[in-house]
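The file my_file.tsv contains TSV, C-alpha atoms and all ligand atoms:
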```
chain	number	residue	atom	x	y	z
K	264	MET	CA	-6.84	1.69	-9.23
K	265	CYS	CA	-6.21	1.51	-12.98
K	266	GLU	CA	-9.68	2.91	-13.65
K	267	LEU	CA	-9.25	5.70	-11.11
K	268	VAL	CA	-5.90	6.78	-12.49
K	269	GLY	CA	-6.80	6.30	-16.17
K	270	ILE	CA	-5.06	3.12	-17.33
K	271	PRO	CA	-7.35	1.45	-19.91
K	272	TYR	CA	-8.67	-1.77	-18.43
K	273	GLU	CA	-7.37	-3.94	-21.28
K	274	GLU	CA	-3.83	-2.61	-20.68
K	275	ARG	CA	-3.78	-3.29	-16.96
K	276	ALA	CA	-2.09	-6.70	-17.13
K	277	SER	CA	1.03	-5.42	-18.85
K	278	PHE	CA	1.13	-2.35	-16.62
K	279	LEU	CA	0.84	-4.44	-13.46
K	280	ALA	CA	3.52	-6.86	-14.65
K	281	ALA	CA	5.88	-3.92	-15.22
K	282	ALA	CA	5.01	-2.47	-11.80
K	283	ASP	CA	5.78	-5.83	-10.18
K	284	ALA	CA	9.08	-6.04	-12.02
K	285	ALA	CA	10.01	-2.44	-11.14
K	286	LEU	CA	9.51	-3.02	-7.45
K	287	GLY	CA	9.45	-6.74	-6.92
K	288	ALA	CA	11.95	-8.85	-5.04
K	289	LEU	CA	12.39	-11.52	-7.69
K	290	VAL	CA	14.23	-9.44	-10.27
K	291	THR	CA	17.79	-8.28	-10.79
K	292	LEU	CA	18.72	-4.63	-10.50
K	293	GLU	CA	19.03	-4.47	-14.28
K	294	GLU	CA	15.55	-5.95	-14.81
K	295	GLY	CA	14.17	-3.51	-12.25
K	296	ARG	CA	15.70	-0.55	-14.10
K	297	GLU	CA	14.38	-1.80	-17.42
K	298	ALA	CA	10.87	-2.17	-15.96
K	299	THR	CA	11.00	1.33	-14.47
K	300	HIS	CA	12.02	2.67	-17.87
K	301	GLN	CA	9.10	0.79	-19.46
K	302	LEU	CA	6.66	2.24	-16.93
K	303	ARG	CA	7.83	5.77	-17.60
K	304	THR	CA	7.63	5.30	-21.38
K	305	TYR	CA	4.14	3.83	-21.08
K	306	MET	CA	3.00	6.64	-18.79
K	307	THR	CA	4.42	9.37	-21.05
K	308	ALA	CA	2.51	7.94	-24.02
K	309	LEU	CA	-0.63	7.59	-21.91
K	310	LEU	CA	-0.44	11.25	-20.86
K	311	GLU	CA	-0.39	12.21	-24.53
K	312	ARG	CA	-3.42	9.99	-25.21
K	313	ARG	CA	-5.29	11.57	-22.29
K	314	ARG	CA	-4.42	15.02	-23.61
K	315	ARG	CA	-6.02	14.17	-26.95
K	316	ALA	CA	-8.95	12.19	-25.54
K	317	PRO	CA	-9.53	13.14	-21.90
K	318	GLY	CA	-11.75	11.05	-19.62
K	319	GLY	CA	-13.05	11.39	-16.08
K	320	ASP	CA	-9.87	9.97	-14.54
K	321	ILE	CA	-7.13	11.56	-12.44
K	322	LEU	CA	-4.51	11.65	-15.21
K	323	SER	CA	-6.87	13.56	-17.51
K	324	SER	CA	-7.52	16.14	-14.75
K	325	LEU	CA	-3.81	16.52	-14.10
K	326	VAL	CA	-2.98	16.88	-17.80
K	327	ARG	CA	-5.64	19.59	-18.04
K	328	ALA	CA	-4.14	21.39	-15.04
K	329	SER	CA	-0.63	21.13	-16.43
K	330	ASP	CA	-1.71	22.40	-19.87
K	331	ARG	CA	-3.41	25.43	-18.36
K	332	GLY	CA	-0.01	26.15	-16.79
K	333	VAL	CA	1.66	26.00	-20.21
K	334	THR	CA	-0.84	28.45	-21.71
K	335	GLY	CA	-0.12	31.04	-19.08
K	336	GLU	CA	-2.51	30.47	-16.19
K	337	GLU	CA	-1.05	29.65	-12.81
K	338	SER	CA	-1.35	25.88	-12.27
K	339	GLY	CA	1.88	24.90	-10.56
K	340	VAL	CA	1.74	21.46	-12.19
K	341	ASP	CA	4.38	20.56	-14.75
K	342	GLU	CA	4.46	17.51	-17.00
K	343	GLU	CA	7.17	15.74	-14.99
K	344	SER	CA	5.10	16.11	-11.81
K	345	VAL	CA	2.05	14.66	-13.56
K	346	LEU	CA	4.12	11.70	-14.68
K	347	ALA	CA	5.62	11.16	-11.23
K	348	PHE	CA	2.24	11.53	-9.55
K	349	GLY	CA	0.50	9.10	-11.90
K	350	LEU	CA	3.22	6.52	-11.37
K	351	SER	CA	3.33	6.90	-7.61
K	352	MET	CA	-0.48	6.69	-7.30
K	353	LEU	CA	-0.51	3.45	-9.23
K	354	VAL	CA	2.47	1.86	-7.63
K	355	ALA	CA	1.58	3.07	-4.12
K	356	GLY	CA	-2.05	2.11	-4.56
K	357	TYR	CA	-1.76	-1.25	-6.24
K	358	ARG	CA	1.11	-3.12	-4.65
K	359	THR	CA	0.42	-2.03	-1.08
K	360	THR	CA	-3.18	-3.22	-1.09
K	361	THR	CA	-2.43	-6.47	-2.90
K	362	MET	CA	0.50	-7.30	-0.66
K	363	PHE	CA	-1.40	-6.32	2.44
K	364	LEU	CA	-4.13	-8.84	1.68
K	365	ALA	CA	-1.47	-11.57	1.76
K	366	ASN	CA	-0.25	-10.30	5.15
K	367	ALA	CA	-3.79	-10.14	6.48
K	368	VAL	CA	-4.58	-13.70	5.40
K	369	LEU	CA	-1.35	-14.96	6.94
K	370	ALA	CA	-2.05	-13.20	10.25
K	371	LEU	CA	-5.64	-14.44	10.39
K	372	LEU	CA	-4.83	-18.04	9.48
K	373	THR	CA	-1.90	-18.26	11.87
K	374	GLU	CA	-4.57	-18.07	14.56
K	375	PRO	CA	-7.51	-19.63	12.71
K	376	ASP	CA	-10.00	-18.85	15.48
K	377	ARG	CA	-9.56	-15.20	14.41
K	378	TYR	CA	-10.56	-16.10	10.87
K	379	ASP	CA	-13.58	-17.97	12.15
K	380	ARG	CA	-14.56	-15.10	14.41
K	381	LEU	CA	-14.55	-12.73	11.45
K	382	LEU	CA	-16.52	-15.28	9.48
K	383	GLY	CA	-19.25	-15.25	12.12
K	384	ASP	CA	-19.22	-11.51	12.79
K	385	ARG	CA	-18.67	-9.31	9.73
K	386	ALA	CA	-19.38	-6.19	11.82
K	387	LEU	CA	-15.82	-6.66	13.09
K	388	LEU	CA	-14.34	-5.97	9.65
K	389	PRO	CA	-13.62	-2.22	10.07
K	390	THR	CA	-11.68	-2.63	13.34
K	391	ALA	CA	-10.15	-5.89	12.10
K	392	VAL	CA	-8.74	-4.16	9.01
K	393	ASP	CA	-7.02	-1.54	11.16
K	394	GLU	CA	-5.76	-4.15	13.59
K	395	LEU	CA	-4.33	-6.21	10.73
K	396	LEU	CA	-2.67	-3.07	9.36
K	397	ARG	CA	-1.12	-2.50	12.79
K	398	PHE	CA	-0.12	-6.10	13.34
K	399	LEU	CA	1.54	-6.86	9.99
K	400	PRO	CA	1.98	-3.51	8.27
K	401	VAL	CA	2.85	-3.90	4.65
K	402	GLN	CA	5.34	-1.03	4.73
K	403	ASN	CA	8.06	-1.50	7.31
K	404	GLY	CA	9.56	1.92	7.01
K	405	VAL	CA	8.56	5.17	5.39
K	406	THR	CA	10.51	7.39	3.09
K	407	VAL	CA	13.66	8.78	4.68
K	408	LEU	CA	12.77	11.87	6.70
K	409	GLN	CA	15.21	14.75	6.96
K	410	ALA	CA	15.11	17.20	9.87
K	411	ARG	CA	14.71	20.80	8.73
K	412	GLN	CA	15.71	22.04	12.16
K	413	ASP	CA	17.14	20.48	15.32
K	414	VAL	CA	14.48	18.29	16.87
K	415	THR	CA	14.42	16.01	19.92
K	416	VAL	CA	12.61	12.69	19.62
K	417	GLY	CA	12.60	10.10	22.41
K	418	GLY	CA	15.46	11.86	24.18
K	419	ARG	CA	17.72	11.92	21.08
K	420	THR	CA	18.54	15.10	19.22
K	421	ILE	CA	18.38	14.95	15.46
K	422	ARG	CA	20.31	17.84	13.96
K	423	ALA	CA	19.04	19.89	11.05
K	424	GLY	CA	19.97	18.08	7.84
K	425	GLU	CA	20.26	14.64	9.44
K	426	ALA	CA	18.03	11.86	8.18
K	427	VAL	CA	16.01	9.21	9.99
K	428	LEU	CA	14.21	6.13	8.75
K	429	PRO	CA	11.27	5.47	11.06
K	430	VAL	CA	10.33	1.80	11.42
K	431	LEU	CA	6.56	1.71	11.39
K	432	ALA	CA	6.37	-1.97	12.26
K	433	ALA	CA	8.18	-1.30	15.55
K	434	ALA	CA	6.03	1.71	16.44
K	435	ASN	CA	2.93	-0.40	15.85
K	436	ARG	CA	4.07	-2.86	18.53
K	437	ASP	CA	4.76	-0.19	21.17
K	438	GLU	CA	3.24	-1.49	24.41
K	439	ARG	CA	2.84	2.05	25.74
K	440	THR	CA	0.24	2.72	23.06
K	441	PHE	CA	-1.05	-0.78	22.27
K	442	PRO	CA	-1.71	-3.00	25.31
K	443	GLU	CA	-0.83	-6.63	24.48
K	444	ALA	CA	0.79	-5.31	21.32
K	445	ASP	CA	1.87	-8.78	20.14
K	446	ARG	CA	-1.71	-10.05	20.13
K	447	LEU	CA	-4.07	-9.67	17.21
K	448	VAL	CA	-7.19	-8.14	18.79
K	449	LEU	CA	-9.81	-7.83	16.08
K	450	ASP	CA	-11.93	-5.29	17.98
K	451	ARG	CA	-9.02	-3.16	19.22
K	452	GLN	CA	-10.10	0.42	19.82
K	453	PRO	CA	-8.62	2.98	19.80
K	454	ASN	CA	-6.00	1.89	17.30
K	455	PRO	CA	-3.73	4.81	16.37
K	456	HIS	CA	-1.38	2.67	14.25
K	457	LEU	CA	1.10	4.14	11.80
K	458	ALA	CA	0.57	1.77	8.89
K	459	PHE	CA	-0.35	4.74	6.68
K	460	GLY	CA	2.47	6.92	7.97
K	461	ARG	CA	1.96	10.26	9.63
K	462	GLY	CA	2.40	13.95	8.89
K	463	PRO	CA	2.11	15.94	5.67
K	464	HIS	CA	3.04	12.96	3.46
K	465	ASN	CA	0.86	10.35	5.05
K	466	CYS	CA	-1.00	8.01	2.74
K	467	ILE	CA	-3.50	9.87	0.60
K	468	GLY	CA	-5.16	6.55	-0.24
K	469	ALA	CA	-5.84	5.45	3.35
K	470	HIS	CA	-9.63	5.64	3.11
K	471	LEU	CA	-9.71	3.93	-0.25
K	472	ALA	CA	-7.28	1.29	1.01
K	473	ARG	CA	-9.45	0.54	4.06
K	474	ALA	CA	-12.47	0.10	1.79
K	475	GLN	CA	-10.53	-2.14	-0.63
K	476	LEU	CA	-9.16	-4.27	2.20
K	477	SER	CA	-12.57	-4.69	3.77
K	478	VAL	CA	-14.16	-5.69	0.46
K	479	GLY	CA	-11.26	-8.05	-0.30
K	480	LEU	CA	-11.43	-9.79	3.07
K	481	GLU	CA	-15.19	-10.09	2.92
K	482	ALA	CA	-15.00	-11.73	-0.51
K	483	LEU	CA	-12.39	-14.14	0.83
K	484	LEU	CA	-14.60	-15.07	3.79
K	485	ASP	CA	-17.57	-15.58	1.46
K	486	HIS	CA	-15.71	-17.76	-1.02
K	487	PHE	CA	-13.41	-19.68	1.31
K	488	PRO	CA	-15.09	-20.14	4.69
K	489	ARG	CA	-12.88	-23.14	5.48
K	490	LEU	CA	-9.58	-21.53	4.51
K	491	ARG	CA	-6.59	-22.85	6.50
K	492	LEU	CA	-2.79	-22.63	6.26
K	493	THR	CA	-1.01	-25.83	5.33
K	494	GLY	CA	2.52	-24.49	5.80
K	495	GLN	CA	4.55	-21.33	6.07
K	496	PRO	CA	5.39	-18.91	3.25
K	497	SER	CA	8.52	-20.09	1.44
K	498	ALA	CA	9.39	-16.69	-0.01
K	499	TRP	CA	8.93	-13.12	1.15
K	500	GLU	CA	8.86	-9.85	-0.70
K	501	ASP	CA	11.06	-7.75	1.52
K	502	HIS	CA	13.76	-5.94	-0.38
K	503	SER	CA	11.53	-2.97	-1.13
K	504	PRO	CA	9.68	-1.04	1.60
K	505	VAL	CA	6.85	-3.51	1.10
K	506	ARG	CA	6.99	-6.72	3.11
K	507	ALA	CA	4.61	-9.59	2.42
K	508	PRO	CA	4.63	-13.33	1.69
K	509	LEU	CA	4.98	-14.25	-1.97
K	510	THR	CA	3.58	-17.72	-1.43
K	511	LEU	CA	0.97	-18.91	1.02
K	512	PRO	CA	0.18	-22.63	1.08
K	513	VAL	CA	-3.49	-23.03	2.00
K	514	THR	CA	-6.34	-25.47	1.79
K	515	TRP	CA	-10.01	-24.57	1.41
A	601	LIG	C1	-2.79	-1.26	2.50
A	601	LIG	C2	-2.72	-0.23	1.72
A	601	LIG	C3	-1.76	0.93	1.86
A	601	LIG	C4	-0.78	1.14	2.79
A	601	LIG	C5	-0.36	0.25	3.95
A	601	LIG	C6	-0.15	2.41	2.47
A	601	LIG	C7	0.88	2.97	3.19
A	601	LIG	C8	1.48	4.17	2.89
A	601	LIG	C9	2.60	4.76	3.63
A	601	LIG	C10	3.23	4.16	4.87
A	601	LIG	C11	2.92	5.91	3.01
A	601	LIG	C12	4.05	6.87	3.39
A	601	LIG	C13	3.58	7.84	4.43
A	601	LIG	C14	4.68	8.74	4.93
A	601	LIG	O1	5.72	8.89	4.27
A	601	LIG	O2	4.47	9.31	6.02
A	601	LIG	C15	2.04	6.07	1.87
A	601	LIG	C16	2.06	7.14	1.00
A	601	LIG	C17	1.28	7.23	-0.12
A	601	LIG	N1	0.22	6.40	-0.47
A	601	LIG	FE1	-0.34	4.73	0.49
A	601	LIG	N2	-0.78	2.93	1.36
A	601	LIG	C18	-1.77	2.06	0.97
A	601	LIG	C19	-2.65	2.24	-0.09
A	601	LIG	C20	-2.66	3.32	-0.93
A	601	LIG	C21	-3.63	3.55	-2.00
A	601	LIG	C22	-4.84	2.67	-2.31
A	601	LIG	C23	-3.22	4.70	-2.65
A	601	LIG	C24	-3.82	5.40	-3.83
A	601	LIG	C25	-5.05	5.78	-3.91
A	601	LIG	C26	-2.03	5.18	-1.99
A	601	LIG	C27	-1.35	6.31	-2.36
A	601	LIG	C28	-0.28	6.85	-1.67
A	601	LIG	C29	0.47	8.02	-2.11
A	601	LIG	C30	0.24	8.82	-3.40
A	601	LIG	C31	1.44	8.27	-1.13
A	601	LIG	C32	2.47	9.40	-1.11
A	601	LIG	C33	1.91	10.56	-0.31
A	601	LIG	C34	2.88	11.72	-0.22
A	601	LIG	O3	4.09	11.53	-0.40
A	601	LIG	O4	2.43	12.84	0.08
A	601	LIG	N3	-1.72	4.33	-0.96
A	601	LIG	N4	1.16	5.00	1.83
```
For the file at hand, write its structure as structure tokens.
Amino acid sequence: MCELVGIPYEERASFLAAADAALGALVTLEEGREATHQLRTYMTALLERRRRAPGGDILSSLVRASDRGVTGEESGVDEESVLAFGLSMLVAGYRTTTMFLANAVLALLTEPDRYDRLLGDRALLPTAVDELLRFLPVQNGVTVLQARQDVTVGGRTIRAGEAVLPVLAAANRDERTFPEADRLVLDRQPNPHLAFGRGPHNCIGAHLARAQLSVGLEALLDHFPRLRLTGQPSAWEDHSPVRAPLTLPVTW
């Protein structure tokens, strides 16, 4: 993700630590604010570096687009948007995938025969990734949605201007759409889960995320074929929209 966006590889550790602190559960509000400030300062300086020495990354392309806007051409991209976009790509793309892998491992090892099945049949990985996303989605809710006009959903009218917070995790266990919704079925098809949201703001990284998750799980299977849980997670990340175990006692 750092490479894609344009964070120099040798700077990734400090960036990722700040991203964890900005969004993580184990910090105070004050520490969170300080980390967010750090991220913005870092990103602003990085944009300037990309302006002077552009590369093939997304930030460089966005800076180019925003500069064309400044010199008169129509670009519609201002500097603040570039900053916000760069930050959201990184934060949305790094923490979700990392945290999801912890959820996936927990779900698979809670029923170890599932882990073993995947071990013996890697062709299951694509459907398994989607099923794991459905079963233990890393994002419980999505951004607050506000109705632009009166709309009726499930027999309830939401008036223009009112807000709703959809709970993706609940939708993903809806028996009307997912038979045996509380079971992890590695070859479930079709699987129209909402782990990546829905509508105009659904996850732009869904395809990349699926590829990352598949590669991550495959590496885990290769390296740790005898992986087993030895207890339950003692701490959860769940104050932000992301929910995942912070510890996972295992043996291999
Ligand atoms: C397991 C991995 C991931 C999950 C579960 C996930 C989930 C989500 C969800 C639920 C949303 C909100 C959708 C909505 O409001 O309707 C979202 C938005 C977004 N995601 Fe992801 N995501 C993942 C990985 C990624 C990756 C790898 C990237 C970057 C390449 C990414 C970039 C974004 C961005 C930029 C948005 C905001 C889109 C917008 O507001 O228009 N995500 N994601």
Inset, instruction - Could you tell me which of K:Leu388, K:Leu511, K:Leu484, K:Ala347 comes closest to Thr307 of chain K if we count all atoms listed in the file? - result: K:Ala347
Legend entry - Contacts with ligand LIG 601 (chain A) at most 6 Å, only C-alpha atoms and all ligand atoms counted, listed as number ranges by chain: K: 351-352, 355-356, 359-360, 363, 401-402, 405-406, 458-462, 464-469, 471-472
Legend entry - atom CA of Ala284 of chain K to atom CA of Thr514 of chain K, straight-line distance in Å: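 Computing the Euclidean distance for atom CA of Thr514 of chain K and atom CA of Ala284 of chain K yields 28.4 Å.
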Inset, instruction - Using all atoms listed in the file, find the one residue out of K:Pro512, K:Pro453, K:Gly295, K:Gly494 that sits nearest to Ala281 of chain K. - result: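 Smallest separation from Ala281 of chain K among the options: K:Gly295.
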Tell me which residues come within 12 Å of (-4.8, 4.2, 13.1), as an mmCIF file with C-alpha atoms, in the frame of the given file, counting only C-alpha atoms in the file's coordinates.
```
data_model
loop_
_atom_site.group_PDB
_atom_site.id
_atom_site.type_symbol
_atom_site.label_atom_id
_atom_site.label_comp_id
_atom_site.auth_asym_id
_atom_site.auth_seq_id
_atom_site.Cartn_x
_atom_site.Cartn_y
_atom_site.Cartn_z
ATOM 1 C CA PRO K 389 -13.620 -2.220 10.070
ATOM 2 C CA THR K 390 -11.680 -2.630 13.340
ATOM 3 C CA ALA K 391 -10.150 -5.890 12.100
ATOM 4 C CA VAL K 392 -8.740 -4.160 9.010
ATOM 5 C CA ASP K 393 -7.020 -1.540 11.160
ATOM 6 C CA GLU K 394 -5.760 -4.150 13.590
ATOM 7 C CA LEU K 395 -4.330 -6.210 10.730
ATOM 8 C CA LEU K 396 -2.670 -3.070 9.360
ATOM 9 C CA ARG K 397 -1.120 -2.500 12.790
ATOM 10 C CA PHE K 398 -0.120 -6.100 13.340
ATOM 11 C CA PRO K 400 1.980 -3.510 8.270
ATOM 12 C CA LEU K 431 6.560 1.710 11.390
ATOM 13 C CA ALA K 434 6.030 1.710 16.440
ATOM 14 C CA ASN K 435 2.930 -0.400 15.850
ATOM 15 C CA THR K 440 0.240 2.720 23.060
ATOM 16 C CA PHE K 441 -1.050 -0.780 22.270
ATOM 17 C CA ARG K 451 -9.020 -3.160 19.220
ATOM 18 C CA GLN K 452 -10.100 0.420 19.820
ATOM 19 C CA PRO K 453 -8.620 2.980 19.800
ATOM 20 C CA ASN K 454 -6.000 1.890 17.300
ATOM 21 C CA PRO K 455 -3.730 4.810 16.370
ATOM 22 C CA HIS K 456 -1.380 2.670 14.250
ATOM 23 C CA LEU K 457 1.100 4.140 11.800
ATOM 24 C CA ALA K 458 0.570 1.770 8.890
ATOM 25 C CA PHE K 459 -0.350 4.740 6.680
ATOM 26 C CA GLY K 460 2.470 6.920 7.970
ATOM 27 C CA ARG K 461 1.960 10.260 9.630
ATOM 28 C CA ASN K 465 0.860 10.350 5.050
ATOM 29 C CA CYS K 466 -1.000 8.010 2.740
ATOM 30 C CA ALA K 469 -5.840 5.450 3.350
ATOM 31 C CA HIS K 470 -9.630 5.640 3.110
ATOM 32 C CA ARG K 473 -9.450 0.540 4.060
#
```
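With distances restricted to all atoms listed in the file, K:Leu490 is the closest residue to Val513 of chain K from K:Ala367, K:Leu302, K:Leu322, K:Leu490.
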Inset, instruction - Please provide the set of residues having any atom within 10 Å of Thr299 of chain K, restricted to only C-alpha atoms, with same-chain residues fewer than 3 positions apart removed, written as JSON, numbers by chain. - result: {"K": [281, 282, 283, 284, 285, 286, 293, 294, 295, 296, 302, 303, 304, 305, 350]}
Counting only C-alpha atoms, which residues of segment 398-473 of chain K fall within 12 Å of segment 381-384 of chain K, and what is the closest atom pair for each with its distance in Å at one decimal, ordered by chain and rising number, as JSON lines?
```
{"residue": "K:Val448", "atom": "CA", "partner": "K:Leu381", "partner_atom": "CA", "distance": 11.4}
{"residue": "K:Leu449", "atom": "CA", "partner": "K:Leu381", "partner_atom": "CA", "distance": 8.2}
{"residue": "K:Asp450", "atom": "CA", "partner": "K:Leu381", "partner_atom": "CA", "distance": 10.2}
```
Inset, instruction - Figure out the distance between atom CA of Thr361 of chain K and atom CA of Gly319 of chain K, please, to one decimal in Å. - result: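 Between atom CA of Gly319 of chain K and atom CA of Thr361 of chain K the gap works out to 24.6 Å.
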Inset, instruction - Tell me, in Å to one decimal, how far atom CA of Glu425 of chain K is from atom CA of Val407 of chain K. - result: 10.0 Å
Inset, instruction - Counting all atoms listed in the file, figure out which residue out of K:Val326, K:Val368, K:Cys265, K:Val354 gets nearest to Leu492 of chain K. - result: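 Among the listed residues, K:Val368 lies closest to Leu492 of chain K.
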